[in-house]
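The next block holds one structure in the form of structure tokens; read it before the comments.
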Amino acid sequence: MKIIFVRHGESKHNAGLTEEKDVGLTGKGKIQAKHLGMRLKKQKISAIYTSNLLRAKETGEIISKIINVPVKGHFEELNEYSGKHLRSRLRILFNWRLKRLKKFLKKISKERGKNKTILIVVHGVTNRIIIGTFLQIPLRQMLRFRQHNAGLNVISWNKKYNNWEIDSFNDIEHLPGSIREAHKKL
């Protein structure tokens, strides 16, 4: 099994156009999503899941149309987490969300020995939590790593060693040069 996690394209909030959090993609974000879809065309994706926030849903739908695989569902468990709260003592308050997320991940990865690929379109902190969960890396360490808009992450199940391994982390090579270079300056 292979699981691909991507961060949504640039949202209006990311671009500083609004203080609202649950907003759609900018024109640049739609271009990023399109390029993600083109890159993912080569993969044999069997299911797409997204958070239920607009920016992830829009990214998922753009990819879905390009690769011709319907979005299976939008899930609250995959919504954004605040890195600030996860680093603080308020983490206890988020345990119920983390438990629900881990239950969701366990469900979708139940058939890890099979040859299938799942795509999950979510958010920067959420991606780091998911990857840390699968690779058994403490949350505090995972939060140090950055996730660019439209960043691509891939983990796969290693049957020989009976564990997950990371194949790609925050890969943005699918983005056009000018967008990719702007990410590197951040």
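Identifiers for the structure tokens are assigned positionally: chains receive A, B, ... in sequence, residues are indexed from 1 per chain, and ligands are indexed from 1 in the order shown.
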Find the residues around Ile45 in chain A up to 8 Å (only C-alpha atoms counted), leave out those fewer than 4 positions away in its own chain, and share them as a CSV table (one decimal) with all heavy atoms, in the first residue's frame.
```csv
chain,number,residue,atom,x,y,z
A,69,VAL,N,-10.7,9.9,-10.7
A,69,VAL,CA,-11.1,9.1,-9.5
A,69,VAL,C,-11.9,10.0,-8.6
A,69,VAL,O,-11.5,11.1,-8.3
A,69,VAL,CB,-9.8,8.7,-8.8
A,69,VAL,CG1,-10.2,8.0,-7.5
A,69,VAL,CG2,-8.9,7.8,-9.6
A,116,LYS,N,-2.4,-1.1,-3.4
A,116,LYS,CA,-3.3,0.0,-3.7
A,116,LYS,C,-2.7,1.3,-3.2
A,116,LYS,O,-1.8,1.3,-2.3
A,116,LYS,CB,-4.7,-0.2,-3.2
A,116,LYS,CG,-4.9,-0.2,-1.7
A,116,LYS,CD,-6.3,-0.6,-1.3
A,116,LYS,CE,-6.8,0.1,-0.1
A,116,LYS,NZ,-8.2,-0.2,0.2
A,117,THR,N,-3.2,2.4,-3.8
A,117,THR,CA,-2.7,3.8,-3.5
A,117,THR,C,-3.9,4.6,-3.1
A,117,THR,O,-4.9,4.7,-3.8
A,117,THR,CB,-2.0,4.4,-4.7
A,117,THR,OG1,-0.9,3.5,-5.0
A,117,THR,CG2,-1.4,5.7,-4.4
A,118,ILE,N,-3.7,5.3,-2.0
A,118,ILE,CA,-4.8,6.3,-1.5
A,118,ILE,C,-4.2,7.7,-1.5
A,118,ILE,O,-3.0,7.9,-1.1
A,118,ILE,CB,-5.2,5.8,0.0
A,118,ILE,CG1,-5.9,4.5,0.0
A,118,ILE,CG2,-6.1,6.9,0.6
A,118,ILE,CD1,-6.2,3.9,1.3
A,119,LEU,N,-5.0,8.6,-1.8
A,119,LEU,CA,-4.6,10.0,-1.8
A,119,LEU,C,-5.4,10.8,-0.7
A,119,LEU,O,-6.6,10.6,-0.6
A,119,LEU,CB,-4.9,10.7,-3.1
A,119,LEU,CG,-4.7,12.2,-3.2
A,119,LEU,CD1,-3.3,12.6,-3.0
A,119,LEU,CD2,-5.2,12.8,-4.5
```
All helix (DSSP H, G or I) positions in range 7-101 of chain A, as number ranges by chain: A: 27-40, 54-67, 76-78, 83-87, 91-101
I need the chosen residues saved as a short mmCIF file (atom, residue, chain, number, x, y, z; two decimals), in the first residue's frame, with C-alpha atoms.
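out-v5.cif, freshly written:
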```cif
data_model
loop_
_atom_site.label_atom_id
_atom_site.label_comp_id
_atom_site.auth_asym_id
_atom_site.auth_seq_id
_atom_site.Cartn_x
_atom_site.Cartn_y
_atom_site.Cartn_z
CA GLY A 27 -5.78 31.42 -8.84
CA LYS A 28 -2.24 30.34 -7.93
CA GLY A 29 -3.69 27.62 -5.65
CA LYS A 30 -5.79 26.27 -8.53
CA ILE A 31 -2.70 26.13 -10.74
CA GLN A 32 -0.84 24.28 -7.98
CA ALA A 33 -3.72 21.78 -7.66
CA LYS A 34 -3.76 21.25 -11.42
CA HIS A 35 -0.04 20.49 -11.44
CA LEU A 36 -0.49 18.10 -8.53
CA GLY A 37 -3.20 16.31 -10.52
CA MET A 38 -0.96 16.05 -13.58
CA ARG A 39 1.81 14.54 -11.46
CA LEU A 40 -0.59 12.09 -9.80
CA LEU A 54 -13.07 24.35 1.41
CA ARG A 55 -9.43 24.71 0.33
CA ALA A 56 -8.78 20.96 0.67
CA LYS A 57 -12.09 20.04 -0.97
CA GLU A 58 -11.34 22.31 -3.97
CA THR A 59 -7.84 20.88 -4.32
CA GLY A 60 -9.24 17.34 -4.13
CA GLU A 61 -11.91 18.04 -6.74
CA ILE A 62 -9.39 19.53 -9.19
CA ILE A 63 -7.14 16.49 -8.79
CA SER A 64 -10.14 14.15 -9.02
CA LYS A 65 -11.16 15.53 -12.42
CA ILE A 66 -7.63 15.19 -13.79
CA ILE A 67 -7.00 11.63 -12.59
CA GLU A 76 -13.61 16.48 9.88
CA GLU A 77 -10.85 14.24 11.30
CA LEU A 78 -8.61 15.53 8.50
CA GLY A 83 0.54 23.88 15.62
CA LYS A 84 0.57 26.47 18.42
CA HIS A 85 -2.03 24.52 20.42
CA LEU A 86 -0.42 21.16 19.74
CA ARG A 87 2.89 22.41 21.15
CA ARG A 91 -2.74 19.48 23.52
CA ILE A 92 -4.85 17.52 26.01
CA LEU A 93 -7.94 19.28 24.66
CA PHE A 94 -7.07 18.09 21.16
CA ASN A 95 -6.57 14.46 22.18
CA TRP A 96 -10.13 13.56 21.15
CA ARG A 97 -9.44 14.91 17.65
CA LEU A 98 -6.12 13.09 17.47
CA LYS A 99 -7.81 9.85 18.56
CA ARG A 100 -10.44 10.25 15.84
CA LEU A 101 -7.73 10.96 13.28
#
```
All residues 10 Å or closer to Lys159 in chain A, only C-alpha atoms, same chain fewer than 4 positions away omitted, as a count of residues only: 6
Among listed residues A:Trp157, A:Asn68, A:His174, A:Val121, nearest Lys41 in chain A (using only C-alpha atoms): A:Asn68
